[in-house]
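> Have a look at this one before I ask anything.
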Amino acid sequence: MRDVAVVGVGLTKFGERWGDSFREMCVEAGVKAIDDAGMDGDDIQEMFVGNMSGGRFVLQEHIGALIADYSGLATNHIPATRTEAACASGGLAFRQAVNCIASGAQDIVIAAGVEKMTDVSGGETTDALAGAADREWEGMYGVTFPSLYAMMARDYMNRYGMTREELAQVAVKNHYNGARNPIAQYQKEITIDTVLNSTLVADPLRLMDCSPVTDGAAAVILCSLDRAKEFTDCPVKVLASTQASDTISLHDRRDISTLDATVAAANRAFDIAKIERKDVDLVEVHDCFTIAEICAIEDMGFCKKGEAGKLTAEGYTALDGKLPVNTSGGLKACGHPVGATGIKQVCEVVTQLRGEAGKRQVDGAEIGMTHNVGGTGATVVTSIFRRV
Amino acid sequence: MRDVAVVGVGLTKFGERWGDSFREMCVEAGVKAIDDAGMDGDDIQEMFVGNMSGGRFVLQEHIGALIADYSGLATNHIPATRTEAACASGGLAFRQAVNCIASGAQDIVIAAGVEKMTDVSGGETTDALAGAADREWEGMYGVTFPSLYAMMARDYMNRYGMTREELAQVAVKNHYNGARNPIAQYQKEITIDTVLNSTLVADPLRLMDCSPVTDGAAAVILCSLDRAKEFTDCPVKVLASTQASDTISLHDRRDISTLDATVAAANRAFDIAKIERKDVDLVEVHDCFTIAEICAIEDMGFCKKGEAGKLTAEGYTALDGKLPVNTSGGLKACGHPVGATGIKQVCEVVTQLRGEAGKRQVDGAEIGMTHNVGGTGATVVTSIFRRV
Amino acid sequence: MSVPRFWRKQTNRYNLIGTKCETCGTYYFPPRSLCPKCRREGKIVDYKFKGTGKIVTFSVVRTASDKFDLQTPFVVAIIELDEGTRLTAPVICSDINEVYIGMRVKSTFRKISADGDSGIIVYGTKFIRE
Amino acid sequence: MSVPRFWRKQTNRYNLIGTKCETCGTYYFPPRSLCPKCRREGKIVDYKFKGTGKIVTFSVVRTASDKFDLQTPFVVAIIELDEGTRLTAPVICSDINEVYIGMRVKSTFRKISADGDSGIIVYGTKFIRE
Ligand SMILES: [Zn+2]
Ligand SMILES: [Zn+2]
């Protein structure tokens with residue numbers, strides 16, 4: 001298996017993009033990534049596109065070919081594959097692209113992610129997202145996505161004694177970071193009171209515990225490490241990209257507030273990357289809800305179970321902390337176009353490792369990691385990156 | 001890149017499976033494939049599932065994890081990836097599984113495909129399938145999937161002079177084969193008059209030119225060739241598996257009735273496999289409509305453009321002909337559960353190369369090929385197999 | 001919700017019928033056609049649950065999809081049945097503040113939702129305080 | 001159909017406004033933000049098509065999705081506009097048997113469909129005999 005590097009990244013602005021269509025957003029991100037790599041469209045040999053629910057949100061399937069076509073690559077007849085695992089769809093696209101190059105099958109591959117969520121009503125969006133959990137035995141009963149994570153939060157708080165204020169600090173931190181990210185959906189700092197006074201969505205989770213509904217797209221160009229210098233002075237090496245699954249339903253998990261798929265994927269990633277937890281300089285984790293970030297930090301092995309709330313409150317995961325988490329603003333403040341999120345996380349880590357993150361730059365960052373979750377944890381993708 | 005072999009195949013009965021759910025069908029096919037390979041579920045290291053529109057047909061996304069879970073593999077936390085390219089979703093799953101082993105990433109992988117189409121109304125099915133074409137600029141105007149292929153048929157007949165009777169013979173042949181396949185949706189022979197007297201769906205195509213709406217699932221077990229003999233006495237080697245894309249809309253193609261993606265994928269497959277067209281003993285092609293089989297035979301290079309109708313009428317592609325096409329009954333008679341079709345084609349070719357195809361066995365078959373199309377040709381996957 | 005997708009598992013939903021693996025003695029609800037522990041060695045049979053158990057965790061849904069909008073706020077919970085398996089279901093209570101982790105509950109047959117599109121009323125199992 | 005997804009391209013649909021790449025002189029309908037031939041070197045500008053052209057191929061839709069069911073049978077065609085680009089559109093005619101390959105057509109502004117779910121009436125371009 002060959003070494004693989006990221007040589008280009010591209011992001012659209014995240015938010016409610018009323019004027020832009022599904023395909024236009026994805027092409028915009030792709031063109032930016034190709035530009036960033038200083039290459040030409042003809043260099044792209046294969047494409048992977050992560051998308052959760054084009055079928056429900058824009059009534060469109062066959063996403064890979066659509067994007068290849070509108071990117072002007074149809075006459076090149078490149079293979080274009082859509083991957084789907086709910087909110088981890090982007091992570092899957094990234095991992096398949098890495099494997100495609102590592103195997104020697106292709107030299108240069110684009111991995112993109114896209115979701116257009118605001119073309120349908122709020123109720124329709126809620127129902128489409130419930131398709132990430134078990135439609136027959138969870139969604140059937142009116143269980144919403146926030147209420148599943150709320151049940152995780154209640155279980156966690158009951159067992160480990162984390163306070164509501166500690167949990168709220170996740171959102172406060174991520175909004176602080178988002179305020180320093182020009183593509184973020186929300187670029188405004190908030191306080192713990194903002195969170196605690198926001199509307200209850202699914203007790204104990206409030207509106208400001210939840211990531212928003214977002215339109216957006218992201219793309220990265222991957223290349224074999226030996227050719228990376230043709231395109232960039234600062235390639236970022238992919239040390240590992242791993243994926244794990246678990247039961248589709250939250251009620252069938254071994255432990256309600258531990259994501260065993262995160263544990264499995266992260267352990268495997270650290271083994272393959274041959275680095276320690278302490279070597280990691282920053283992490284983008286899947287904070288679809290505040291509780292998800294707490295679980296992620298623990299399940300990835302950065303601290304013991306039950307400790308992440310306290311560490312967050314102490315600033316351990318802040319931009320100037322020991323382990324900055326979600327420097328992009330995370331899903332909470334940067335926004336969460338579900339199929340794009342896994343790729344956006346890679347864009348952020350690469351930008352940080354290149355030292356190009358501006359006001360939110362983590363000084364001297366050398367090793368970064370991403371963590372992308374599908375549903376309530378039935379799919380997890382983790383990847384580790386190093387500046388070379 | 002390592003050599004890869006198919007060591008197990010599993011199919012459900014195709015048809016209107018009122019009593020069986022999406023997940024049950026896919027698990028049934030997977031278990032049959034694992035049984036056929038004489039292995040245990042714990043041997044499976046990774047899973048790919050082709051599915052076009054779980055979101056529209058059963059309101060369920062996150063298909064990979066769902067199937068891994070209900071297959072009893074959740075506690076193994078194997079990576080489970082859904083691939084989608086409309087009716088070529090199964091072909092994509094197969095190709096990703098091949099590459100996953102060829103790269104050395106895994107030794108044993110399952111590739112499955114599933115579609116549950118009869119849980120929604122006929123109108124809803126028609127609309128969901130229109131998501132395989134361009135929703136905004138084709139489907140928006142009431143253009144149905146049959147009418148797109150009908151426009152191909154009219155263009156073709158106008159240019160090459162193929163008769164309505166020659167076209168009908170595709171359906172007659174495939175029903176003859178389907179009558180010899182115990183899992184086929186329709187196991188009844190028909191005549192040219194049956195086709196010519198059936199209801200017009202989209203002129204010039206009639207009901208008996210169209211593949212039906214079908215529930216069904218298929219699965220294959222892939223393994224590195226060097227370990228194949230652990231599981232079977234008759235492994236089937238994958239000589240090539242290639243994928244190509246084209247414009248999403250039919251109107252943007254270079255030629256209305258030539259699938260350039262078929263041409264590109266097939267040329268590449270023959271190059272990689274290092275065999276000639278004449279070496280192929282049987283082919284499963286994507287006959288979602290009769291005209292599609294005509295184009296496939298030509299675009300894969302088995303004859304010149306404009307000749308396939310005459311060859312079909314002469315029996316060249318019949319079960320006892322020079323090049324048997326769609327021995328399974330094809331999509332027309334065997335049925336077309338869209339996400340499963342690409343995997344079902346592999347099951348049929350493997351069964352033939354093993355000499356286990358019963359009443360529809362092609363004598364002495366050594367090399368077989370599959371051809372799976374998404375939409376009107378925006379995605380094509382071709383694969384070539386040899387008995388070892 | 002479409003007709004066949006609903007009616008397919010109606011008996012299971014109405015009567016809390018899941019499955020049991022006779023090989024390893026594990027109970028499953030929702031029903032499974034394959035025992036994840038025993039796989040091909042498993043022997044799956046239908047099993048009607050007693051319908052009693054306790055709340056593992058719960059939430060109050062205040063923003064729902066269109067279909068459930070009129071019912072908000074309502075309590076949903078993960079319930080561990082006395083046979084050992086867990087499921088997700090709504091909990092009916094006069095005061096949503098009376099629900100707590102560990103609370104004993106029992107099943108009851110109720111309307112789940114009236115589907116706006118197809119007009120089908122979906123029935124199934126909810127839970128009440130034991 | 002949802003409101004934003006429709007209104008986003010309404011000007012294009014109503015007035016047959018596509019795009020032209022000024023670098024290579026190619027016309028596009030549906031509009032493209034990127035010229036497939038020139039990609040980053042392309043210079044895309046809006047272009048209002050004259051609306052005249054000829055039928056490349058056509059079919060008669062007799063079984064449609066629910067939304068178009070009342071309109072069957074209706075003719076759909078791939079039309080090559082005089083600027084050289086091709087598009088898919090319905091063709092209005094008093095007798096569906098009068099349509100033939102090569103027939104000259106011109107665009108006209110018409111109702112496309114009345115959406116059952118959201119109640120939005122979709123307008124756009126259809127073609128009639130020139
Ligand atoms: Zn068992
Ligand atoms: Zn140009």
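Ordered as shown in the structure tokens, chains take letters A, B, and onward, while each chain numbers its residues from 1 and ligands are numbered from 1 in the order shown.
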Just want the residues within 8 Å of ligand 1, written as a list in words, counting only C-alpha atoms and all ligand atoms.

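Residues satisfying the distance criterion: Lys20, Cys21, Glu22, Thr23, Cys24, Gly25, Thr26, Cys35, Pro36, Lys37, Cys38, Arg39, Glu41, Gly42, Lys43 and Ile44 of chain C.
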
> Store the residues picked out above in a file with all heavy atoms, as an mmCIF file, in the first residue's frame.


data_model
loop_
_atom_site.group_PDB
_atom_site.id
_atom_site.type_symbol
_atom_site.label_atom_id
_atom_site.label_comp_id
_atom_site.auth_asym_id
_atom_site.auth_seq_id
_atom_site.Cartn_x
_atom_site.Cartn_y
_atom_site.Cartn_z
ATOM 1 N N LYS C 20 -36.715 -15.184 19.816
ATOM 2 C CA LYS C 20 -35.790 -15.731 20.798
ATOM 3 C C LYS C 20 -34.898 -16.717 20.064
ATOM 4 O O LYS C 20 -35.370 -17.435 19.181
ATOM 5 C CB LYS C 20 -36.583 -16.478 21.884
ATOM 6 C CG LYS C 20 -35.719 -17.070 22.979
ATOM 7 C CD LYS C 20 -36.517 -17.988 23.884
ATOM 8 C CE LYS C 20 -35.571 -18.648 24.883
ATOM 9 N NZ LYS C 20 -36.273 -19.614 25.743
ATOM 10 N N CYS C 21 -33.614 -16.722 20.418
ATOM 11 C CA CYS C 21 -32.726 -17.728 19.855
ATOM 12 C C CYS C 21 -32.659 -18.882 20.841
ATOM 13 O O CYS C 21 -32.202 -18.719 21.973
ATOM 14 C CB CYS C 21 -31.334 -17.158 19.603
ATOM 15 S SG CYS C 21 -30.154 -18.417 19.079
ATOM 16 N N GLU C 22 -33.138 -20.040 20.417
ATOM 17 C CA GLU C 22 -33.171 -21.185 21.338
ATOM 18 C C GLU C 22 -31.785 -21.770 21.565
ATOM 19 O O GLU C 22 -31.569 -22.497 22.519
ATOM 20 C CB GLU C 22 -34.117 -22.250 20.783
ATOM 21 C CG GLU C 22 -35.570 -21.762 20.789
ATOM 22 C CD GLU C 22 -36.588 -22.891 20.660
ATOM 23 O OE1 GLU C 22 -36.254 -23.908 20.011
ATOM 24 O OE2 GLU C 22 -37.700 -22.742 21.213
ATOM 25 N N THR C 23 -30.849 -21.446 20.697
ATOM 26 C CA THR C 23 -29.485 -21.947 20.879
ATOM 27 C C THR C 23 -28.798 -21.273 22.070
ATOM 28 O O THR C 23 -28.234 -21.936 22.928
ATOM 29 C CB THR C 23 -28.647 -21.739 19.596
ATOM 30 O OG1 THR C 23 -29.352 -22.283 18.488
ATOM 31 C CG2 THR C 23 -27.277 -22.372 19.707
ATOM 32 N N CYS C 24 -28.856 -19.930 22.090
ATOM 33 C CA CYS C 24 -28.123 -19.218 23.138
ATOM 34 C C CYS C 24 -29.051 -18.580 24.184
ATOM 35 O O CYS C 24 -28.589 -18.020 25.176
ATOM 36 C CB CYS C 24 -27.225 -18.141 22.520
ATOM 37 S SG CYS C 24 -28.134 -16.788 21.740
ATOM 38 N N GLY C 25 -30.367 -18.644 23.950
ATOM 39 C CA GLY C 25 -31.308 -18.124 24.933
ATOM 40 C C GLY C 25 -31.481 -16.609 24.932
ATOM 41 O O GLY C 25 -32.064 -16.053 25.856
ATOM 42 N N THR C 26 -30.991 -15.927 23.884
ATOM 43 C CA THR C 26 -31.113 -14.466 23.830
ATOM 44 C C THR C 26 -32.452 -14.057 23.208
ATOM 45 O O THR C 26 -32.908 -14.680 22.255
ATOM 46 C CB THR C 26 -29.963 -13.866 22.999
ATOM 47 O OG1 THR C 26 -28.725 -14.437 23.451
ATOM 48 C CG2 THR C 26 -29.910 -12.357 23.171
ATOM 49 N N CYS C 35 -29.675 -14.721 14.528
ATOM 50 C CA CYS C 35 -29.115 -14.400 15.849
ATOM 51 C C CYS C 35 -27.681 -13.914 15.663
ATOM 52 O O CYS C 35 -26.844 -14.652 15.136
ATOM 53 C CB CYS C 35 -29.118 -15.637 16.752
ATOM 54 S SG CYS C 35 -28.235 -15.357 18.311
ATOM 55 N N PRO C 36 -27.379 -12.660 16.061
ATOM 56 C CA PRO C 36 -26.022 -12.139 15.872
ATOM 57 C C PRO C 36 -24.968 -12.943 16.630
ATOM 58 O O PRO C 36 -23.807 -12.960 16.236
ATOM 59 C CB PRO C 36 -26.112 -10.715 16.440
ATOM 60 C CG PRO C 36 -27.556 -10.357 16.359
ATOM 61 C CD PRO C 36 -28.289 -11.644 16.605
ATOM 62 N N LYS C 37 -25.374 -13.614 17.710
ATOM 63 C CA LYS C 37 -24.396 -14.399 18.481
ATOM 64 C C LYS C 37 -24.121 -15.749 17.839
ATOM 65 O O LYS C 37 -22.986 -16.200 17.805
ATOM 66 C CB LYS C 37 -24.902 -14.605 19.912
ATOM 67 C CG LYS C 37 -24.923 -13.322 20.724
ATOM 68 C CD LYS C 37 -25.372 -13.584 22.147
ATOM 69 C CE LYS C 37 -25.473 -12.260 22.920
ATOM 70 N NZ LYS C 37 -26.259 -12.407 24.147
ATOM 71 N N CYS C 38 -25.172 -16.407 17.374
ATOM 72 C CA CYS C 38 -25.015 -17.782 16.879
ATOM 73 C C CYS C 38 -25.018 -17.866 15.359
ATOM 74 O O CYS C 38 -24.611 -18.879 14.791
ATOM 75 C CB CYS C 38 -26.148 -18.657 17.412
ATOM 76 S SG CYS C 38 -26.339 -18.538 19.200
ATOM 77 N N ARG C 39 -25.506 -16.827 14.696
ATOM 78 C CA ARG C 39 -25.630 -16.797 13.247
ATOM 79 C C ARG C 39 -26.244 -18.094 12.699
ATOM 80 O O ARG C 39 -27.372 -18.395 13.054
ATOM 81 C CB ARG C 39 -24.270 -16.488 12.598
ATOM 82 C CG ARG C 39 -23.716 -15.181 13.128
ATOM 83 C CD ARG C 39 -22.861 -14.455 12.127
ATOM 84 N NE ARG C 39 -22.214 -13.321 12.799
ATOM 85 C CZ ARG C 39 -20.956 -13.311 13.231
ATOM 86 N NH1 ARG C 39 -20.166 -14.326 12.996
ATOM 87 N NH2 ARG C 39 -20.474 -12.253 13.859
ATOM 88 N N GLU C 41 -25.821 -21.099 13.393
ATOM 89 C CA GLU C 41 -26.127 -22.123 14.389
ATOM 90 C C GLU C 41 -27.344 -21.729 15.233
ATOM 91 O O GLU C 41 -27.838 -22.513 16.043
ATOM 92 C CB GLU C 41 -24.921 -22.361 15.317
ATOM 93 C CG GLU C 41 -23.874 -23.304 14.739
ATOM 94 C CD GLU C 41 -23.122 -22.664 13.568
ATOM 95 O OE1 GLU C 41 -22.727 -21.494 13.683
ATOM 96 O OE2 GLU C 41 -22.988 -23.326 12.522
ATOM 97 N N GLY C 42 -27.816 -20.492 15.078
ATOM 98 C CA GLY C 42 -28.953 -20.029 15.884
ATOM 99 C C GLY C 42 -30.247 -20.693 15.467
ATOM 100 O O GLY C 42 -30.391 -21.175 14.340
ATOM 101 N N LYS C 43 -31.189 -20.765 16.427
ATOM 102 C CA LYS C 43 -32.518 -21.298 16.107
ATOM 103 C C LYS C 43 -33.528 -20.250 16.571
ATOM 104 O O LYS C 43 -33.806 -20.124 17.759
ATOM 105 C CB LYS C 43 -32.728 -22.641 16.829
ATOM 106 C CG LYS C 43 -33.998 -23.340 16.383
ATOM 107 C CD LYS C 43 -34.053 -24.793 16.882
ATOM 108 C CE LYS C 43 -35.337 -25.484 16.403
ATOM 109 N NZ LYS C 43 -36.572 -24.766 16.757
ATOM 110 N N ILE C 44 -34.023 -19.474 15.603
ATOM 111 C CA ILE C 44 -34.882 -18.331 15.916
ATOM 112 C C ILE C 44 -36.352 -18.763 15.958
ATOM 113 O O ILE C 44 -36.844 -19.385 15.019
ATOM 114 C CB ILE C 44 -34.685 -17.232 14.839
ATOM 115 C CG1 ILE C 44 -33.287 -16.600 14.944
ATOM 116 C CG2 ILE C 44 -35.778 -16.165 14.943
ATOM 117 C CD1 ILE C 44 -33.087 -15.616 16.061
#

> How would you write, as a VMD selection string, the set of residues in stretch 96-187 of chain A that DSSP gives as helix (DSSP H, G or I)?

chain A and resid 96 to 102 122 to 132 139 to 141 145 to 160 164 to 178

> Now that the selection is made, can you save its residues with C-alpha atoms as a PDB file, in the first residue's frame?


ATOM      1  CA  GLN A  96     -12.456   5.088  -0.453  1.00  0.00           C
ATOM      2  CA  ALA A  97     -10.394   7.754  -2.226  1.00  0.00           C
ATOM      3  CA  VAL A  98      -7.409   7.065   0.050  1.00  0.00           C
ATOM      4  CA  ASN A  99      -7.662   3.314  -0.578  1.00  0.00           C
ATOM      5  CA  CYS A 100      -8.019   3.897  -4.316  1.00  0.00           C
ATOM      6  CA  ILE A 101      -4.613   5.598  -4.396  1.00  0.00           C
ATOM      7  CA  ALA A 102      -2.941   3.455  -1.739  1.00  0.00           C
ATOM      8  CA  GLY A 122     -38.254  21.700   8.460  1.00  0.00           C
ATOM      9  CA  GLY A 123     -40.568  18.770   9.113  1.00  0.00           C
ATOM     10  CA  GLU A 124     -39.434  17.036   5.931  1.00  0.00           C
ATOM     11  CA  THR A 125     -35.784  17.639   6.909  1.00  0.00           C
ATOM     12  CA  THR A 126     -36.391  16.111  10.352  1.00  0.00           C
ATOM     13  CA  ASP A 127     -38.019  13.090   8.735  1.00  0.00           C
ATOM     14  CA  ALA A 128     -35.254  12.647   6.140  1.00  0.00           C
ATOM     15  CA  LEU A 129     -32.591  12.786   8.860  1.00  0.00           C
ATOM     16  CA  ALA A 130     -34.486  10.137  10.838  1.00  0.00           C
ATOM     17  CA  GLY A 131     -33.497   7.842   7.954  1.00  0.00           C
ATOM     18  CA  ALA A 132     -30.016   7.766   9.547  1.00  0.00           C
ATOM     19  CA  GLY A 139     -38.287   6.575  13.612  1.00  0.00           C
ATOM     20  CA  MET A 140     -41.644   4.794  13.435  1.00  0.00           C
ATOM     21  CA  TYR A 141     -42.428   5.963  16.977  1.00  0.00           C
ATOM     22  CA  PHE A 145     -32.549  12.497  15.851  1.00  0.00           C
ATOM     23  CA  PRO A 146     -32.067  15.072  18.651  1.00  0.00           C
ATOM     24  CA  SER A 147     -34.080  12.861  21.027  1.00  0.00           C
ATOM     25  CA  LEU A 148     -31.742   9.917  20.402  1.00  0.00           C
ATOM     26  CA  TYR A 149     -28.705  12.016  21.294  1.00  0.00           C
ATOM     27  CA  ALA A 150     -30.703  13.459  24.200  1.00  0.00           C
ATOM     28  CA  MET A 151     -31.142   9.940  25.545  1.00  0.00           C
ATOM     29  CA  MET A 152     -27.388   9.494  25.256  1.00  0.00           C
ATOM     30  CA  ALA A 153     -26.867  12.776  27.105  1.00  0.00           C
ATOM     31  CA  ARG A 154     -29.248  11.844  29.921  1.00  0.00           C
ATOM     32  CA  ASP A 155     -27.624   8.433  30.349  1.00  0.00           C
ATOM     33  CA  TYR A 156     -24.165  10.031  30.373  1.00  0.00           C
ATOM     34  CA  MET A 157     -25.028  12.827  32.804  1.00  0.00           C
ATOM     35  CA  ASN A 158     -26.745  10.365  35.122  1.00  0.00           C
ATOM     36  CA  ARG A 159     -23.743   8.048  35.228  1.00  0.00           C
ATOM     37  CA  TYR A 160     -20.824  10.476  35.221  1.00  0.00           C
ATOM     38  CA  ARG A 164     -25.527  21.088  32.140  1.00  0.00           C
ATOM     39  CA  GLU A 165     -23.016  23.989  32.219  1.00  0.00           C
ATOM     40  CA  GLU A 166     -20.086  21.740  31.271  1.00  0.00           C
ATOM     41  CA  LEU A 167     -22.093  20.401  28.331  1.00  0.00           C
ATOM     42  CA  ALA A 168     -23.013  23.922  27.216  1.00  0.00           C
ATOM     43  CA  GLN A 169     -19.333  24.869  27.151  1.00  0.00           C
ATOM     44  CA  VAL A 170     -18.886  22.643  24.063  1.00  0.00           C
ATOM     45  CA  ALA A 171     -21.189  24.961  22.109  1.00  0.00           C
ATOM     46  CA  VAL A 172     -19.592  28.099  23.551  1.00  0.00           C
ATOM     47  CA  LYS A 173     -16.113  26.916  22.514  1.00  0.00           C
ATOM     48  CA  ASN A 174     -17.218  25.894  19.039  1.00  0.00           C
ATOM     49  CA  HIS A 175     -18.965  29.220  18.426  1.00  0.00           C
ATOM     50  CA  TYR A 176     -15.767  30.975  19.543  1.00  0.00           C
ATOM     51  CA  ASN A 177     -13.878  29.034  16.863  1.00  0.00           C
ATOM     52  CA  GLY A 178     -16.601  29.495  14.265  1.00  0.00           C
TER      53      GLY A 178
END

> Give me, as a PyMOL selection string, all polymer residues having an atom no more than 7 Å from B:Ile367, counting only C-alpha atoms and skipping those fewer than 6 positions away in the same chain.

chain B and resi 279-281+385-387

> Convert the current residue selection to file output with N, CA and C atoms, as a CSV table (one decimal), in the first residue's frame.


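Saved result, out.csv, follows:
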chain,number,residue,atom,x,y,z
B,279,ASP,N,-13.2,-14.3,-27.1
B,279,ASP,CA,-13.0,-15.3,-26.0
B,279,ASP,C,-14.1,-15.4,-25.0
B,280,VAL,N,-15.1,-14.5,-25.1
B,280,VAL,CA,-16.1,-14.4,-24.1
B,280,VAL,C,-17.2,-15.5,-24.4
B,281,ASP,N,-17.6,-16.3,-23.5
B,281,ASP,CA,-18.6,-17.4,-23.7
B,281,ASP,C,-20.0,-16.9,-23.4
B,385,PHE,N,-14.8,-12.3,-16.0
B,385,PHE,CA,-14.5,-13.4,-15.1
B,385,PHE,C,-14.0,-14.7,-15.9
B,386,ARG,N,-13.2,-15.4,-15.2
B,386,ARG,CA,-12.7,-16.7,-15.8
B,386,ARG,C,-12.7,-17.8,-14.8
B,387,ARG,N,-13.1,-18.9,-15.2
B,387,ARG,CA,-13.1,-20.1,-14.4
B,387,ARG,C,-11.6,-20.5,-14.2

> Need to verify the contact set: A:Val9, 8 Å, only C-alpha atoms, exclusion of same-chain residues closer than 3 positions in sequence. Can you return it as a JSON list (two decimals) with N, CA and C atoms, in the first residue's frame?


[["chain", "number", "residue", "atom", "x", "y", "z"],
["A", 6, "VAL", "N", -2.85, 14.66, 0.86],
["A", 6, "VAL", "CA", -3.85, 15.63, 0.42],
["A", 6, "VAL", "C", -3.09, 16.81, -0.17],
["A", 32, "LYS", "N", -12.58, 24.75, -6.53],
["A", 32, "LYS", "CA", -11.66, 25.37, -5.57],
["A", 32, "LYS", "C", -10.53, 24.41, -5.16],
["A", 33, "ALA", "N", -10.88, 23.14, -4.97],
["A", 33, "ALA", "CA", -9.86, 22.16, -4.58],
["A", 33, "ALA", "C", -8.85, 21.94, -5.69],
["A", 34, "ILE", "N", -9.36, 21.85, -6.93],
["A", 34, "ILE", "CA", -8.47, 21.65, -8.09],
["A", 34, "ILE", "C", -7.56, 22.87, -8.26],
["A", 36, "ASP", "N", -6.70, 24.89, -5.85],
["A", 36, "ASP", "CA", -5.78, 24.89, -4.72],
["A", 36, "ASP", "C", -4.60, 23.95, -4.99],
["A", 37, "ALA", "N", -4.86, 22.86, -5.69],
["A", 37, "ALA", "CA", -3.79, 21.91, -6.01],
["A", 37, "ALA", "C", -3.00, 22.35, -7.23],
["A", 218, "ALA", "N", -17.84, 20.35, 0.13],
["A", 218, "ALA", "CA", -16.41, 20.35, 0.41],
["A", 218, "ALA", "C", -15.74, 19.35, -0.51],
["A", 219, "ALA", "N", -14.47, 19.60, -0.83],
["A", 219, "ALA", "CA", -13.75, 18.67, -1.70],
["A", 219, "ALA", "C", -12.27, 18.67, -1.35],
["A", 220, "VAL", "N", -11.63, 17.53, -1.53],
["A", 220, "VAL", "CA", -10.18, 17.43, -1.34],
["A", 220, "VAL", "C", -9.59, 16.64, -2.51],
["A", 221, "ILE", "N", -8.37, 17.01, -2.88],
["A", 221, "ILE", "CA", -7.64, 16.28, -3.92],
["A", 221, "ILE", "C", -6.59, 15.42, -3.24],
["A", 347, "CYS", "N", -10.62, 19.16, 5.26],
["A", 347, "CYS", "CA", -10.18, 20.49, 4.79],
["A", 347, "CYS", "C", -9.63, 21.31, 5.95],
["A", 350, "VAL", "N", -6.22, 19.89, 7.23],
["A", 350, "VAL", "CA", -5.15, 20.18, 6.25],
["A", 350, "VAL", "C", -4.78, 21.67, 6.31]]

> I'd like to know which of B:Glu189, B:Glu28, B:Asp260, B:Asp42 is closest to chain A, using only C-alpha atoms.

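Nearest to chain A: B:Asp260.
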